[in-house]
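Q: Here you go, work.tsv (TSV, C-alpha atoms):
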chain	number	residue	atom	x	y	z
K	1	MET	CA	-29.58	97.78	3.09
K	2	GLU	CA	-29.34	97.13	-0.64
K	3	ASN	CA	-26.77	94.69	-1.93
K	4	SER	CA	-23.56	96.34	-3.04
K	5	LYS	CA	-23.12	96.78	-6.76
K	6	PRO	CA	-20.71	94.19	-8.23
K	7	VAL	CA	-17.22	95.53	-8.83
K	8	ARG	CA	-16.74	96.08	-12.54
K	9	TYR	CA	-13.22	97.55	-12.63
K	10	GLU	CA	-10.12	95.94	-11.17
K	11	LEU	CA	-7.50	98.57	-10.34
K	12	LEU	CA	-4.04	97.70	-11.66
K	13	ALA	CA	-1.90	100.79	-11.04
K	14	GLU	CA	-2.05	104.52	-10.35
K	15	ILE	CA	-0.91	106.34	-13.48
K	16	GLY	CA	-1.60	110.01	-12.73
K	17	GLU	CA	-2.97	112.62	-10.37
K	18	GLY	CA	-4.79	115.86	-11.12
K	19	THR	CA	-6.50	118.71	-9.32
K	20	TYR	CA	-9.67	116.78	-8.59
K	21	GLY	CA	-8.56	113.18	-8.31
K	22	LYS	CA	-6.32	110.31	-9.31
K	23	VAL	CA	-6.13	108.32	-12.55
K	24	TYR	CA	-5.75	104.54	-12.53
K	25	LYS	CA	-5.13	101.84	-15.06
K	26	ALA	CA	-7.87	99.26	-14.58
K	27	ARG	CA	-9.29	96.11	-16.10
K	28	ASP	CA	-12.93	96.14	-17.22
K	29	LEU	CA	-14.28	92.80	-15.97
K	30	GLU	CA	-17.42	93.14	-18.10
K	31	SER	CA	-15.55	93.70	-21.38
K	32	ASN	CA	-13.26	90.70	-21.62
K	33	GLY	CA	-10.68	92.28	-19.35
K	34	LYS	CA	-10.08	95.29	-21.60
K	35	CYS	CA	-7.82	97.88	-19.93
K	36	VAL	CA	-9.22	101.36	-19.36
K	37	ALA	CA	-8.24	104.54	-17.52
K	38	LEU	CA	-10.31	105.51	-14.47
K	39	LYS	CA	-10.35	109.10	-13.26
K	40	ARG	CA	-11.75	108.97	-9.72
K	41	ILE	CA	-12.89	112.22	-8.15
K	42	ALA	CA	-13.91	112.62	-4.50
K	43	ILE	CA	-16.54	115.36	-4.32
K	44	PRO	CA	-17.55	116.99	-1.03
K	45	ARG	CA	-21.30	117.56	-0.70
K	46	THR	CA	-21.50	121.34	-0.52
K	47	PRO	CA	-24.18	123.92	-1.39
K	48	GLU	CA	-22.24	124.56	-4.62
K	49	GLY	CA	-22.46	120.88	-5.60
K	50	ILE	CA	-20.06	119.24	-8.06
K	51	PRO	CA	-17.09	121.46	-9.13
K	52	VAL	CA	-17.92	123.29	-12.33
K	53	ASN	CA	-14.72	122.07	-14.02
K	54	VAL	CA	-15.83	118.46	-13.53
K	55	ILE	CA	-19.33	119.16	-14.87
K	56	ARG	CA	-17.87	121.02	-17.84
K	57	GLU	CA	-15.45	118.21	-18.68
K	58	VAL	CA	-18.15	115.54	-18.56
K	59	ALA	CA	-20.65	117.61	-20.57
K	60	LEU	CA	-18.13	118.43	-23.30
K	61	LEU	CA	-16.85	114.88	-23.59
K	62	LYS	CA	-20.39	113.53	-23.75
K	63	HIS	CA	-21.09	115.97	-26.57
K	64	LEU	CA	-17.86	115.23	-28.44
K	65	GLU	CA	-18.00	111.44	-28.12
K	66	LEU	CA	-20.93	111.35	-30.55
K	67	PHE	CA	-18.40	112.13	-33.32
K	68	ASP	CA	-15.77	109.57	-32.20
K	69	HIS	CA	-12.90	111.71	-33.48
K	70	PRO	CA	-9.59	109.80	-33.65
K	71	ASN	CA	-7.64	112.64	-31.98
K	72	ILE	CA	-9.95	113.21	-28.99
K	73	ILE	CA	-9.86	111.00	-25.89
K	74	ARG	CA	-12.96	108.78	-25.62
K	75	LEU	CA	-15.14	108.80	-22.54
K	76	PHE	CA	-16.81	105.39	-22.12
K	77	ASP	CA	-18.82	105.83	-18.94
K	78	VAL	CA	-19.56	108.03	-15.92
K	79	GLU	CA	-20.47	106.65	-12.49
K	80	LEU	CA	-21.61	108.72	-9.49
K	81	VAL	CA	-21.75	107.06	-6.07
K	82	HIS	CA	-23.11	108.73	-2.94
K	83	GLN	CA	-20.66	107.49	-0.33
K	84	THR	CA	-21.88	109.38	2.76
K	85	ASP	CA	-23.98	112.41	3.61
K	86	ARG	CA	-20.88	114.54	3.08
K	87	THR	CA	-19.12	113.01	0.07
K	88	MET	CA	-19.75	111.64	-3.39
K	89	LYS	CA	-17.41	109.79	-5.72
K	90	MET	CA	-17.43	110.23	-9.48
K	91	THR	CA	-15.60	107.84	-11.78
K	92	LEU	CA	-14.89	108.77	-15.39
K	93	VAL	CA	-13.99	105.78	-17.56
K	94	PHE	CA	-11.71	106.65	-20.49
K	95	GLU	CA	-9.93	104.69	-23.16
K	96	LEU	CA	-6.42	103.86	-21.99
K	97	ILE	CA	-3.57	105.61	-23.81
K	98	GLU	CA	-0.09	104.52	-22.79
K	99	GLN	CA	1.59	107.89	-22.18
K	100	ASP	CA	1.33	111.64	-22.49
K	101	LEU	CA	3.46	113.76	-24.79
K	102	ALA	CA	5.74	114.88	-21.95
K	103	VAL	CA	6.62	111.26	-21.14
K	104	PHE	CA	6.94	110.44	-24.85
K	105	LEU	CA	9.41	113.30	-25.40
K	106	SER	CA	11.39	112.36	-22.29
K	107	LYS	CA	12.25	109.07	-23.99
K	108	VAL	CA	13.55	110.67	-27.19
K	109	ARG	CA	17.30	110.36	-27.62
K	110	GLU	CA	19.71	112.55	-29.61
K	111	PRO	CA	19.57	113.69	-32.35
K	112	GLY	CA	15.81	113.92	-31.73
K	113	LEU	CA	12.74	112.85	-33.66
K	114	LEU	CA	12.79	112.34	-37.41
K	115	GLN	CA	11.09	115.21	-39.25
K	116	ASN	CA	8.28	112.96	-40.51
K	117	LYS	CA	7.55	111.96	-36.90
K	118	VAL	CA	7.46	115.61	-35.81
K	119	LYS	CA	5.10	116.44	-38.67
K	120	GLY	CA	2.89	113.48	-37.79
K	121	LEU	CA	2.53	114.54	-34.16
K	122	VAL	CA	1.87	118.21	-34.95
K	123	HIS	CA	-0.54	117.37	-37.77
K	124	GLN	CA	-2.62	115.15	-35.46
K	125	LEU	CA	-2.56	117.86	-32.81
K	126	PHE	CA	-3.98	120.34	-35.30
K	127	ARG	CA	-6.59	117.82	-36.47
K	128	GLY	CA	-7.87	117.33	-32.94
K	129	LEU	CA	-7.88	121.06	-32.28
K	130	ASP	CA	-9.59	121.77	-35.61
K	131	PHE	CA	-12.38	119.41	-34.55
K	132	LEU	CA	-12.77	121.27	-31.24
K	133	HIS	CA	-12.78	124.72	-32.81
K	134	SER	CA	-15.21	123.57	-35.52
K	135	ASN	CA	-17.54	122.58	-32.68
K	136	SER	CA	-17.07	125.94	-30.90
K	137	VAL	CA	-14.91	124.46	-28.16
K	138	VAL	CA	-11.78	126.23	-26.89
K	139	HIS	CA	-9.54	123.88	-24.87
K	140	ARG	CA	-7.67	126.55	-22.85
K	141	ASP	CA	-5.14	124.18	-21.29
K	142	LEU	CA	-3.10	122.58	-24.04
K	143	LYS	CA	0.25	121.31	-22.78
K	144	PRO	CA	2.24	118.08	-23.24
K	145	GLU	CA	0.70	116.54	-20.10
K	146	ASN	CA	-2.79	116.93	-21.62
K	147	ILE	CA	-1.85	115.42	-24.98
K	148	LEU	CA	-1.76	111.62	-25.03
K	149	VAL	CA	0.34	109.53	-27.40
K	150	SER	CA	-0.30	105.83	-27.94
K	151	ASN	CA	2.48	103.33	-28.56
K	152	SER	CA	1.48	103.37	-32.23
K	153	GLY	CA	1.92	107.16	-32.38
K	154	GLN	CA	-1.74	108.23	-32.29
K	155	VAL	CA	-2.30	111.62	-30.64
K	156	LYS	CA	-5.35	112.28	-28.41
K	157	LEU	CA	-6.32	115.59	-26.81
K	158	ALA	CA	-7.40	115.10	-23.20
K	159	ASP	CA	-8.30	116.88	-19.94
K	160	PHE	CA	-11.17	119.21	-20.78
K	161	GLY	CA	-11.59	120.63	-17.27
K	162	LEU	CA	-10.87	124.19	-18.49
K	163	ALA	CA	-12.52	123.83	-21.90
K	164	ARG	CA	-15.50	126.03	-22.80
K	165	MET	CA	-18.08	126.30	-25.53
K	166	TYR	CA	-17.02	129.45	-27.34
K	167	THR	CA	-19.24	132.30	-28.51
K	168	VAL	CA	-18.29	135.76	-29.81
K	169	ASN	CA	-17.78	138.37	-27.06
K	170	MET	CA	-18.13	135.82	-24.27
K	171	ALA	CA	-16.61	136.65	-20.89
K	172	LEU	CA	-13.63	134.40	-20.26
K	173	THR	CA	-11.53	134.11	-17.12
K	174	PRO	CA	-7.88	135.19	-17.47
K	175	VAL	CA	-6.64	132.38	-15.21
K	176	VAL	CA	-6.40	129.68	-17.87
K	177	VAL	CA	-3.64	127.74	-19.62
K	178	THR	CA	-0.54	126.52	-17.82
K	179	LEU	CA	1.91	129.43	-17.62
K	180	TRP	CA	4.54	128.18	-20.09
K	181	TYR	CA	1.89	127.70	-22.81
K	182	ARG	CA	-0.17	130.82	-22.03
K	183	ALA	CA	-0.79	133.26	-24.88
K	184	PRO	CA	0.27	136.92	-24.47
K	185	GLU	CA	-3.33	138.17	-24.50
K	186	VAL	CA	-4.10	135.96	-21.50
K	187	LEU	CA	-0.98	137.12	-19.64
K	188	LEU	CA	-1.96	140.73	-20.36
K	189	TYR	CA	-5.60	140.26	-19.29
K	190	SER	CA	-6.77	141.16	-22.77
K	191	GLY	CA	-9.76	139.68	-24.60
K	192	TYR	CA	-9.10	136.30	-26.14
K	193	THR	CA	-10.50	133.75	-28.55
K	194	THR	CA	-9.73	130.26	-29.85
K	195	ALA	CA	-6.36	131.71	-30.89
K	196	VAL	CA	-5.13	130.98	-27.33
K	197	ASP	CA	-5.04	127.31	-28.31
K	198	ILE	CA	-3.02	128.08	-31.44
K	199	TRP	CA	-0.34	129.83	-29.36
K	200	SER	CA	-0.17	126.77	-27.09
K	201	VAL	CA	0.26	124.50	-30.10
K	202	GLY	CA	3.10	126.72	-31.32
K	203	CYS	CA	4.84	126.38	-27.95
K	204	ILE	CA	4.39	122.61	-28.04
K	205	PHE	CA	5.62	122.45	-31.65
K	206	ALA	CA	8.79	124.30	-30.62
K	207	GLU	CA	9.16	122.10	-27.54
K	208	ILE	CA	9.00	118.95	-29.66
K	209	LEU	CA	12.05	120.36	-31.43
K	210	GLN	CA	13.66	122.59	-28.79
K	211	LEU	CA	12.48	125.54	-26.68
K	212	SER	CA	12.47	128.87	-28.50
K	213	ILE	CA	12.64	132.58	-27.57
K	214	LEU	CA	10.73	135.16	-29.62
K	215	GLY	CA	11.57	138.47	-27.94
K	216	LEU	CA	9.31	141.55	-27.79
K	217	PRO	CA	6.65	142.32	-30.43
K	218	ASP	CA	6.41	145.68	-32.15
K	219	GLU	CA	5.06	148.40	-29.87
K	220	GLY	CA	2.04	148.91	-32.10
K	221	GLU	CA	0.86	145.34	-31.36
K	222	TRP	CA	0.80	145.91	-27.59
K	223	PRO	CA	-2.85	145.96	-26.34
K	224	PRO	CA	-3.70	149.41	-24.91
K	225	GLU	CA	-5.73	147.86	-22.07
K	226	ALA	CA	-2.80	145.75	-20.81
K	227	PRO	CA	-1.93	146.32	-17.12
K	228	LEU	CA	1.78	146.55	-18.03
K	229	CYS	CA	3.02	149.18	-20.46
K	230	TYR	CA	5.31	148.28	-23.34
K	231	SER	CA	8.20	150.27	-21.86
K	232	SER	CA	8.25	147.93	-18.82
K	233	PHE	CA	10.20	145.41	-20.88
K	234	ALA	CA	13.81	145.94	-21.90
K	235	PRO	CA	14.47	145.00	-25.52
K	236	ARG	CA	16.85	142.12	-26.05
K	237	LYS	CA	18.66	140.75	-29.05
K	238	VAL	CA	17.03	137.52	-30.15
K	239	LYS	CA	18.57	134.84	-32.30
K	240	PRO	CA	16.73	133.77	-35.47
K	241	VAL	CA	14.42	130.78	-35.03
K	242	GLU	CA	16.61	128.65	-37.29
K	243	ASP	CA	19.55	129.23	-34.94
K	244	LEU	CA	17.51	128.15	-31.92
K	245	LEU	CA	15.88	125.28	-33.80
K	246	PRO	CA	18.45	123.94	-36.26
K	247	GLN	CA	16.20	120.96	-36.96
K	248	ILE	CA	13.43	123.09	-38.45
K	249	ASP	CA	13.11	123.66	-42.19
K	250	LEU	CA	11.79	126.81	-43.89
K	251	LEU	CA	8.21	125.56	-44.09
K	252	GLY	CA	8.26	124.46	-40.47
K	253	LYS	CA	9.62	127.85	-39.44
K	254	ASP	CA	6.84	129.59	-41.37
K	255	LEU	CA	4.12	127.51	-39.67
K	256	LEU	CA	5.67	127.95	-36.22
K	257	LEU	CA	5.86	131.73	-36.52
K	258	LYS	CA	2.26	131.86	-37.77
K	259	CYS	CA	1.24	130.04	-34.57
K	260	LEU	CA	3.30	132.38	-32.39
K	261	CYS	CA	2.19	135.75	-33.78
K	262	PHE	CA	1.83	138.15	-30.86
K	263	SER	CA	-1.46	139.48	-32.23
K	264	PRO	CA	-4.13	136.73	-31.95
K	265	GLY	CA	-5.91	138.02	-35.04
K	266	GLN	CA	-2.80	137.32	-37.12
K	267	ARG	CA	-2.26	133.76	-35.93
K	268	THR	CA	-3.04	130.89	-38.24
K	269	SER	CA	-6.31	129.01	-37.83
K	270	THR	CA	-6.47	125.23	-37.52
K	271	HIS	CA	-7.93	125.03	-41.03
K	272	GLU	CA	-5.07	127.10	-42.48
K	273	ALA	CA	-2.49	125.11	-40.52
K	274	LEU	CA	-3.76	121.76	-41.80
K	275	ALA	CA	-3.48	123.07	-45.37
K	276	HIS	CA	0.05	124.44	-44.78
K	277	PRO	CA	2.74	123.18	-47.21
K	278	TYR	CA	4.79	121.99	-44.21
K	279	PHE	CA	2.58	118.90	-44.08
K	280	MET	CA	2.07	118.35	-47.80
K	281	GLU	CA	5.04	116.21	-48.79
K	282	THR	CA	4.51	113.72	-45.97
K	283	LEU	CA	0.73	113.88	-45.74
K	284	GLU	CA	0.31	110.45	-47.33
K	285	HIS	CA	2.33	108.95	-44.46
K	286	LEU	CA	0.45	110.70	-41.61
If you convert what's in this file into structure tokens, what do you get?
A:
Amino acid sequence: MENSKPVRYELLAEIGEGTYGKVYKARDLESNGKCVALKRIAIPRTPEGIPVNVIREVALLKHLELFDHPNIIRLFDVELVHQTDRTMKMTLVFELIEQDLAVFLSKVREPGLLQNKVKGLVHQLFRGLDFLHSNSVVHRDLKPENILVSNSGQVKLADFGLARMYTVNMALTPVVVTLWYRAPEVLLYSGYTTAVDIWSVGCIFAEILQLSILGLPDEGEWPPEAPLCYSSFAPRKVKPVEDLLPQIDLLGKDLLLKCLCFSPGQRTSTHEALAHPYFMETLEHL
């Protein structure tokens, strides 16, 4: 029997758990004790092999790490160990970011975040997403738990298990994006594009401030191929966004509503969002 490989990572604490495995904070014994995040995935040896979501995440991160974008989580290493005839173990080694956006927001006290802080978070979120879309990648699962925030306020997009390289007219599964951040075209089993990510960002933008309600779109915007007809929904009186989000200013309201257009073709793009006047006056501080 060959000698066992020396242990490189010292586990310090479990910090998360996902569909395919657990995430640990660990110390890299070969890099002066630098702390990293380990995502450990137990993989049964089946005819289908490694789950496609795992393969997709590794392949995309390997592709994206060449650019070292400041708003995308960095993948340092991948290890695959054949434990037995029936199981394998894959370890993904990421840079360690202290918390996700959900945890970050849970710590915010009244009266909420300062407007410059809100703009900084949303601007970084759009920068990371602009990088993905510019490289033909649609994330498809943006939510606060998949957005990391360092103690210094740096935002990193993470968890690319549902991400795909995007091409025009590609066939995409409708079972994507966590329900509360899922765009209408996905809910209605309609065709969709990178605009699904923009809708998710709009939901997260509103959540950073306070949850919002938009009401029904105009009947003419309803996709004819949707399994539910427009008349299935009773109209309801909806308060203006500024009543639901008293913290938002006029420029912020304009950007938010451009993210949350019912029709995906009318939503803002990441490029347009980054150039929006909402960010202009504080851009030098972001």
Q: Set the distance at 7 Å and use all atoms listed in the file: which residues neighbour segment 151-159 of chain K once local chain neighbours fewer than 4 positions away are removed? I'd like the list as a PyMOL selection string.
A: chain K and resi 71-73+98+121+124-125+128+146-147
Q: Please tell me which residues are no farther than 12 Å from (-4.1, 108.1, -11.7) in the file, counting all atoms listed in the file, and write them as a list in words.
A: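 Protein and nucleic acid residues near the point are Leu11, Leu12, Ala13, Glu14, Ile15, Gly16, Glu17, Gly18, Thr19, Tyr20, Gly21, Lys22, Val23, Tyr24, Lys25, Ala26, Val36, Ala37, Leu38, Lys39, Arg40, Ile41, Thr91, Leu92, Val93, Phe94, Leu96 and Gln99 of chain K.
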Q: Set the distance at 12 Å and use all atoms listed in the file: which residues neighbour Arg109 of chain K once local chain neighbours fewer than 5 positions away are removed? I'd like the list as a PDB file with C-alpha atoms, keeping the file's coordinate frame.
A:
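Contents of part.pdb, as written:
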ATOM      1  CA  PHE K 104       6.940 110.440 -24.850  1.00  0.00           C
ATOM      2  CA  LEU K 114      12.790 112.340 -37.410  1.00  0.00           C
ATOM      3  CA  LEU K 209      12.050 120.360 -31.430  1.00  0.00           C
TER       4      LEU K 209
END
Q: I'd like the interatomic distance between atom CA of Leu148 of chain K and atom CA of Glu95 of chain K, to a tenth of an Å.
A: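 Here the two named atoms are 10.9 Å from each other.
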Q: Would you kindly return, as a ChimeraX atom specification, each protein, DNA or RNA residue with an atom no farther than 12 Å from any atom of Arg267 of chain K, considering only C-alpha atoms and excluding same-chain residues fewer than 6 positions away?
A: /K:183,193-202,254-261,273
Q: Mind giving me the straight-line distance from atom CA of Tyr166 of chain K to atom CA of Ser136 of chain K in Å, one decimal?
A: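 These atoms are spaced 5.0 Å apart.
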Q: Just how far from atom CA of Thr268 of chain K is atom CA of Leu113 of chain K, in Å to one decimal?
A: 24.4 Å
Q: Determine the nearest neighbour of Ser190 of chain K from the options K:Pro264, K:Val78, K:Ile50, K:Ser269, counting all atoms listed in the file.
A: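 That would be K:Pro264, the residue with the smallest distance to Ser190 of chain K.
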Q: Pick out the residues sitting within 9 Å of Glu57 of chain K, and hand them over as a list in words; count all atoms listed in the file, and ignore anything fewer than 3 positions along from it in its own chain.
A: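 Once the adjacent positions are removed, what remains is Val52, Asn53, Val54, Leu60, Leu61, Lys62, Asp159, Phe160, Gly161, Leu162, Ala163 and Arg164 of chain K.
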Q: Let me know the centre plus edge lengths, in Å and rounded to one decimal, of a box with edges along x, y and z that contains all listed atoms of segment 155-166 of chain K and is padded by 4 Å on every side, as JSON.
A:
{"center_x": -10.2, "center_y": 120.5, "center_z": -24.0, "size_x": 23.8, "size_y": 25.8, "size_z": 21.4}
Q: Give me the residues within 7 Å of Phe126 of chain K as a compact mmCIF listing (two decimals) with C-alpha atoms, in the frame of the given file, counting only C-alpha atoms and dropping any in the same chain fewer than 4 places off.
A:
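The result, written out as out.txt:
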# COMPACT_ATOMS: atom_id res chain seq x y z
CA VAL K 122 1.87 118.21 -34.95
CA ASP K 130 -9.59 121.77 -35.61
CA THR K 270 -6.47 125.23 -37.52
CA LEU K 274 -3.76 121.76 -41.80
Q: Write a file for segment 150-161 of chain K, containing all heavy atoms (output as a PDB file, in the first residue's frame).
A:
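Okay, out_4.pdb is ready:
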ATOM      1  N   SER K 150     -17.126  40.248   2.526  1.00  0.00           N
ATOM      2  CA  SER K 150     -16.003  40.219   3.461  1.00  0.00           C
ATOM      3  C   SER K 150     -16.204  41.260   4.554  1.00  0.00           C
ATOM      4  O   SER K 150     -17.058  42.146   4.453  1.00  0.00           O
ATOM      5  CB  SER K 150     -14.690  40.492   2.725  1.00  0.00           C
ATOM      6  OG  SER K 150     -14.618  41.863   2.347  1.00  0.00           O
ATOM      7  N   ASN K 151     -15.400  41.170   5.586  1.00  0.00           N
ATOM      8  CA  ASN K 151     -15.480  42.147   6.678  1.00  0.00           C
ATOM      9  C   ASN K 151     -15.159  43.563   6.210  1.00  0.00           C
ATOM     10  O   ASN K 151     -15.574  44.546   6.831  1.00  0.00           O
ATOM     11  CB  ASN K 151     -14.541  41.747   7.813  1.00  0.00           C
ATOM     12  CG  ASN K 151     -15.052  40.548   8.581  1.00  0.00           C
ATOM     13  OD1 ASN K 151     -16.261  40.261   8.580  1.00  0.00           O
ATOM     14  ND2 ASN K 151     -14.158  39.811   9.226  1.00  0.00           N
ATOM     15  N   SER K 152     -14.423  43.669   5.108  1.00  0.00           N
ATOM     16  CA  SER K 152     -14.103  44.993   4.564  1.00  0.00           C
ATOM     17  C   SER K 152     -15.168  45.492   3.597  1.00  0.00           C
ATOM     18  O   SER K 152     -15.050  46.588   3.047  1.00  0.00           O
ATOM     19  CB  SER K 152     -12.747  44.947   3.849  1.00  0.00           C
ATOM     20  OG  SER K 152     -12.797  44.082   2.726  1.00  0.00           O
ATOM     21  N   GLY K 153     -16.205  44.664   3.352  1.00  0.00           N
ATOM     22  CA  GLY K 153     -17.298  45.088   2.484  1.00  0.00           C
ATOM     23  C   GLY K 153     -17.176  44.674   1.038  1.00  0.00           C
ATOM     24  O   GLY K 153     -17.968  45.112   0.195  1.00  0.00           O
ATOM     25  N   GLN K 154     -16.216  43.794   0.718  1.00  0.00           N
ATOM     26  CA  GLN K 154     -16.068  43.331  -0.667  1.00  0.00           C
ATOM     27  C   GLN K 154     -17.076  42.233  -0.957  1.00  0.00           C
ATOM     28  O   GLN K 154     -17.244  41.292  -0.183  1.00  0.00           O
ATOM     29  CB  GLN K 154     -14.646  42.820  -0.926  1.00  0.00           C
ATOM     30  CG  GLN K 154     -14.407  42.469  -2.391  1.00  0.00           C
ATOM     31  CD  GLN K 154     -12.954  42.139  -2.678  1.00  0.00           C
ATOM     32  OE1 GLN K 154     -12.191  41.837  -1.765  1.00  0.00           O
ATOM     33  NE2 GLN K 154     -12.560  42.197  -3.934  1.00  0.00           N
ATOM     34  N   VAL K 155     -17.752  42.352  -2.095  1.00  0.00           N
ATOM     35  CA  VAL K 155     -18.787  41.401  -2.506  1.00  0.00           C
ATOM     36  C   VAL K 155     -18.197  40.385  -3.485  1.00  0.00           C
ATOM     37  O   VAL K 155     -17.448  40.747  -4.391  1.00  0.00           O
ATOM     38  CB  VAL K 155     -19.966  42.139  -3.170  1.00  0.00           C
ATOM     39  CG1 VAL K 155     -20.943  41.156  -3.816  1.00  0.00           C
ATOM     40  CG2 VAL K 155     -20.681  43.007  -2.147  1.00  0.00           C
ATOM     41  N   LYS K 156     -18.545  39.094  -3.284  1.00  0.00           N
ATOM     42  CA  LYS K 156     -18.078  38.026  -4.172  1.00  0.00           C
ATOM     43  C   LYS K 156     -19.255  37.122  -4.538  1.00  0.00           C
ATOM     44  O   LYS K 156     -19.945  36.606  -3.658  1.00  0.00           O
ATOM     45  CB  LYS K 156     -17.014  37.171  -3.475  1.00  0.00           C
ATOM     46  CG  LYS K 156     -15.777  37.942  -3.007  1.00  0.00           C
ATOM     47  CD  LYS K 156     -14.644  37.765  -3.963  1.00  0.00           C
ATOM     48  CE  LYS K 156     -13.356  38.373  -3.432  1.00  0.00           C
ATOM     49  NZ  LYS K 156     -12.224  38.146  -4.342  1.00  0.00           N
ATOM     50  N   LEU K 157     -19.482  36.925  -5.831  1.00  0.00           N
ATOM     51  CA  LEU K 157     -20.489  35.968  -6.260  1.00  0.00           C
ATOM     52  C   LEU K 157     -19.927  34.559  -6.100  1.00  0.00           C
ATOM     53  O   LEU K 157     -18.767  34.292  -6.425  1.00  0.00           O
ATOM     54  CB  LEU K 157     -20.877  36.195  -7.717  1.00  0.00           C
ATOM     55  CG  LEU K 157     -21.386  37.597  -8.094  1.00  0.00           C
ATOM     56  CD1 LEU K 157     -21.904  37.597  -9.521  1.00  0.00           C
ATOM     57  CD2 LEU K 157     -22.465  38.062  -7.140  1.00  0.00           C
ATOM     58  N   ALA K 158     -20.763  33.637  -5.606  1.00  0.00           N
ATOM     59  CA  ALA K 158     -20.306  32.278  -5.331  1.00  0.00           C
ATOM     60  C   ALA K 158     -21.383  31.277  -5.721  1.00  0.00           C
ATOM     61  O   ALA K 158     -22.474  31.637  -6.159  1.00  0.00           O
ATOM     62  CB  ALA K 158     -19.953  32.145  -3.847  1.00  0.00           C
ATOM     63  N   ASP K 159     -21.063  30.001  -5.556  1.00  0.00           N
ATOM     64  CA  ASP K 159     -21.947  28.861  -5.808  1.00  0.00           C
ATOM     65  C   ASP K 159     -22.443  28.848  -7.249  1.00  0.00           C
ATOM     66  O   ASP K 159     -23.525  29.333  -7.573  1.00  0.00           O
ATOM     67  CB  ASP K 159     -23.129  28.846  -4.837  1.00  0.00           C
ATOM     68  CG  ASP K 159     -23.744  27.444  -4.747  1.00  0.00           C
ATOM     69  OD1 ASP K 159     -23.602  26.680  -5.717  1.00  0.00           O
ATOM     70  OD2 ASP K 159     -24.340  27.121  -3.710  1.00  0.00           O
ATOM     71  N   PHE K 160     -21.626  28.243  -8.113  1.00  0.00           N
ATOM     72  CA  PHE K 160     -21.935  28.205  -9.540  1.00  0.00           C
ATOM     73  C   PHE K 160     -22.478  26.845  -9.982  1.00  0.00           C
ATOM     74  O   PHE K 160     -22.356  26.459 -11.143  1.00  0.00           O
ATOM     75  CB  PHE K 160     -20.680  28.560 -10.342  1.00  0.00           C
ATOM     76  CG  PHE K 160     -20.292  30.008 -10.213  1.00  0.00           C
ATOM     77  CD1 PHE K 160     -19.591  30.455  -9.103  1.00  0.00           C
ATOM     78  CD2 PHE K 160     -20.657  30.926 -11.167  1.00  0.00           C
ATOM     79  CE1 PHE K 160     -19.240  31.789  -8.961  1.00  0.00           C
ATOM     80  CE2 PHE K 160     -20.327  32.269 -11.041  1.00  0.00           C
ATOM     81  CZ  PHE K 160     -19.613  32.697  -9.939  1.00  0.00           C
ATOM     82  N   GLY K 161     -23.101  26.118  -9.050  1.00  0.00           N
ATOM     83  CA  GLY K 161     -23.621  24.797  -9.365  1.00  0.00           C
ATOM     84  C   GLY K 161     -24.726  24.796 -10.409  1.00  0.00           C
ATOM     85  O   GLY K 161     -24.905  23.810 -11.128  1.00  0.00           O
TER      86      GLY K 161
END
